[in-house]
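Worksheet: one structure, shown below.
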Amino acid sequence: MSAVATSGRTSATGRKSSGPRKSKLGWNLLGLFVFLTAGFPVYWMLNTAIKPAKDAIDPDPSLLPTGFTLDNFRRALDIADFWGPVGRSLIVSLSVVVIGIVVGMLAALAISRFAFRGRKIVIVGILAVQMVPLVAMIIPVFLLLNDLHQYDKLSGLILTYLTFILPFTVWTLRGFIVNIPKELEEAAMVDGCSRTGAFIRVVFPLLAPGMVATSVYAFIQAWNEYLYALMLLSQQNQTATVWLGNFTTKHGTEYAPMMAGATMMAVPIVVLFLLVQRKMAAGLTAGAVKG
Amino acid sequence: MSAADTTTPAKVPPPRQAPPPAVAGAPRAKKKKRTSGAAAAPWVLLAPCLLILVLVLGYPMVRLVTLSFQKFGQSQLWGFLPPESVGFDNFEGVLSDGEFWQVVVRTILFAGGAVVFTMVVGMLIALLLQRVSGWVKTLINIVLVASWGMPIIVATTVFKWLFDSDYGVFNALLSKLPGVDMIGHNWFASGTQGLSVIMLLVVWGAVPFVVITLSAGLTQVPAELEEAARLDGAGSWGVFRHVTLPILKPIIVMLTTLSVIWDMGVFPQVFVMRGGHPEAEFQLLTTYSYDRAFVVNDYAQGSAIAVLTVLLLLGVVAVYMRQMLQIGEVE
C-alpha cells in the first residue's frame, strides 16, 4: 500500500534523469495512453451517469460530457429502494470489520510473537483457507445456515463473511506486527512493563496505521461481496451489491440510471481506497521514524 | 481439497484439548524454562479465530466432501428424506458427462488466458512506470487505484454498458475505424467473444494489484546491478531477463499463483453479465457447480463439481504453499 507513494518518490528524484529527453517523451505518450485506456471505464460510468438519459442512447455517443443532470440519480433511487440495501451493507460490513480486527489481532499476535508447537500448522492452515474459492463453499454454507436458522438473516451473512475476512486480517496484521522490532517490546518489559502493558503502550501505537488500513480493506471486501449476499439473503433483505446486480436483470435495462447507481456504489469506496493509500504510506513512515 | 482437509482436523483439536497435555509434556521434556501459562497463551489468543473458522469454514468443507458422496436433492433439503450415501455415483455422473469436460477446458483456457494477460500487461505497465515523468506516473497510479477499488459488480455493470450491442461506446468507437461497422454487434451472442469481454473485465480489475506489487518489487532491484549489467554490454532486454526477472521471481510466482486462484474462482462477472442465467457456452466450473446445485437442485452433484474444481487448483496451491512454508520458517 505504501508502494504507490514510495515508488513515486524514488523516480521523482530522477534516477533516470541522465537519459535523453527525447526518449522520455515517447514513454510519457505511452503512459498517457495507458492512463486513458485504463481510466476509460470509470470515466464512461461517470459520464453516462450525468448526461441526459436521451444522450445515453445515442448510437454515436459524444466522448465528452453533453450536459449535466442529476435525473439519472433520482431515477435510480426510484426504481428500487436504495437506502435499505445500503444500510444493510453498512451493518454487515462494519460488524465484519470489528469482529475480524479484534479476533484477527489476537490470532496475529499469537502467530507472530509466540513460538509454540503447531504454529506452523496454524500458519499454513490460515493460508490454505484463503485459497479455497468462496464459490466452492456456497452449497455447504447455504445448508449450514439453513440448519442454524440463519438463512436470510444479516447475522448469518456476517458469520459467513468472516470465512474470508478473518484469514485476511490475521495474515495482514501479522505482517504489520512482524515489522515492529521485538526489541522495543523487550525494552519496555525490561523497564518494568508487563507483556500486556508493553503491547498496549509500545506495539499498539505503532500498529494503529496498519490496523486502519486493514480495517478499510476488510470493509471494502465485505462491502463488495456479491455471491453470498445473493444466495443467503432474500430479495427484501438484499445488500447494495445485489441491488445493483438486480438492476441489470430488469427487462430493457436503463443504462443511464444504472450508471448513476453504479456511481453511487463506487465513489465512496474508491475515495476510501484512495484516501487510505495515502494515509497508509504517511502513517507507516511516521511510525517507523518515531520507532 | 486434501491439503485443506488435512489441516482442518489438525486445527480442530488443539485450541480446546490438545494444549494442556502438549504443554505438560513437550516443553518440560525439551525446552526447560517455559512455564505452562506462557505456553497456553498463544492458544488462548488463537481460540476465537480458530473456533469461528472451524464453524464457518472447517465444517462446511467437511460437509462439501460428504455431500459429494450422498444423494442430496430438494427432499433432503427440506428434511423429507434423509441423505443417503451413494459412493462415487456423483463423481461418475459428473465425469462421464461430456459437458463437464467442455466446461473444464473452457475454464482452464479462460483462467489461463486471464492470468497470462494480467501478468504480462501488469509487468509492462510496472516497467513503463519506471520510465515516465513523475506527473504521468501520478496519473497512472490514480487510475490504477481507482480501478482496483471499483467493486466487481460495479465494474461488471459498467463493462456491460461499454459493450452493449446498440448503444455501447465500444462498438461506436470501433465503427469509427474506416470500413468497420460494428453498431448492433452483440458481443454475447457467442461464448468465445462474450468470455473474451469478461476476460478483459477480469484483467482490467486484476492488473492494478499486479502493477503496484511489481512496482514495489522493482524499487528493490539494486540500480548498481542493472548498471553493471549495462556496462557489461547487456541491452534493455538482457538487463530485464538476467537481472530484474530473477530478483522479482518470488513476487512473480506469488502473483501468478494468486491470479490463478482468483481467475479460477471468477463467478459474479459471468453471472451478472449474463443476467443471472449464463448460457451453456458461458459456463465456467464455478457457475456450472452453482447451476447444478441451485438451478437443477442437485446439491450433491454440485458439491462433486466444486470438489473437483478445488482438486484442479491443488497443483498450483502446492507450489504456493511451499513458498509460504519457507516464509513461516524464516520468521
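As shown in the C-alpha cells, the chain order sets the letters A, B, ...; within each chain, residues go from 1, and ligands are also counted from 1 in the order they appear.
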
Residues of chain B within 6 Å of chain A, counting only C-alpha atoms - could you list those as a list in words? Thr7, Pro42, Leu45, Leu46, Cys49, Pro60, Arg63, Leu64, Val132, Gly134, Ile140, Val143, Ala146, Gly149, Met150, Pro151, Val154, Tyr167, Ala172, Ala216, Gly265, Gly275 and Ala306 of chain B

Deliver the residues from the most recent selection as a file, using C-alpha atoms, as a short mmCIF file (atom, residue, chain, number, x, y, z; two decimals), in the first residue's frame.
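The new file out.cif reads:
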```cif
data_model
loop_
_atom_site.label_atom_id
_atom_site.label_comp_id
_atom_site.auth_asym_id
_atom_site.auth_seq_id
_atom_site.Cartn_x
_atom_site.Cartn_y
_atom_site.Cartn_z
CA THR B 7 -5.13 -29.03 8.04
CA PRO B 42 -0.90 -18.41 22.10
CA LEU B 45 -5.27 -15.92 21.68
CA LEU B 46 -5.92 -18.18 18.73
CA CYS B 49 -10.24 -17.23 15.46
CA PRO B 60 -18.69 -26.65 5.52
CA ARG B 63 -19.81 -31.15 4.58
CA LEU B 64 -18.87 -30.35 1.00
CA VAL B 132 7.75 8.06 -17.38
CA GLY B 134 6.55 11.99 -12.28
CA ILE B 140 -1.48 6.28 -13.96
CA VAL B 143 -6.33 5.41 -12.38
CA ALA B 146 -9.43 3.77 -8.80
CA GLY B 149 -11.02 -0.09 -5.77
CA MET B 150 -14.01 -0.46 -8.08
CA PRO B 151 -16.44 -3.04 -6.72
CA VAL B 154 -19.94 -2.03 -10.48
CA TYR B 167 -25.58 1.95 -27.62
CA ALA B 172 -19.31 3.10 -31.66
CA ALA B 216 7.28 -2.07 -5.19
CA GLY B 265 -12.93 -18.54 -8.98
CA GLY B 275 -28.33 -11.63 -16.19
CA ALA B 306 -16.88 -27.99 -6.51
#
```

Between B:Val202, B:Ala293, B:Ala229, B:Met119, which one has atoms that come closest to Met254 of chain B, using only C-alpha atoms?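 Closest to Met254 of chain B of all the choices is B:Met119.
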
Could you give me the residues within segment 110-181 of chain A that DSSP places in helix (DSSP H, G or I), as a PyMOL selection string? chain A and resi 110-113+119-131+134-147+154-178

Just want the 6 Å neighbourhood of segment 183-191 of chain B, counted on only C-alpha atoms, with same-chain residues fewer than 6 positions away dropped. Output as an MDAnalysis selection string. chainID B and resid 165:166 171 281:282

By how many Å are atom CA of Val121 of chain B and atom CA of Val207 of chain B apart? 7.0 Å

Would you compute the distance between atom CA of Ala126 of chain B and atom CA of Val211 of chain B? Give it in Å to one decimal.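 Answer for the atom CA of Ala126 of chain B to atom CA of Val211 of chain B separation: 5.1 Å.
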
At what distance in Å, to one decimal, does atom CA of Gly58 of chain B lie from atom CA of Leu230 of chain A?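 We find that atom CA of Leu230 of chain A and atom CA of Gly58 of chain B lie 22.1 Å from each other.
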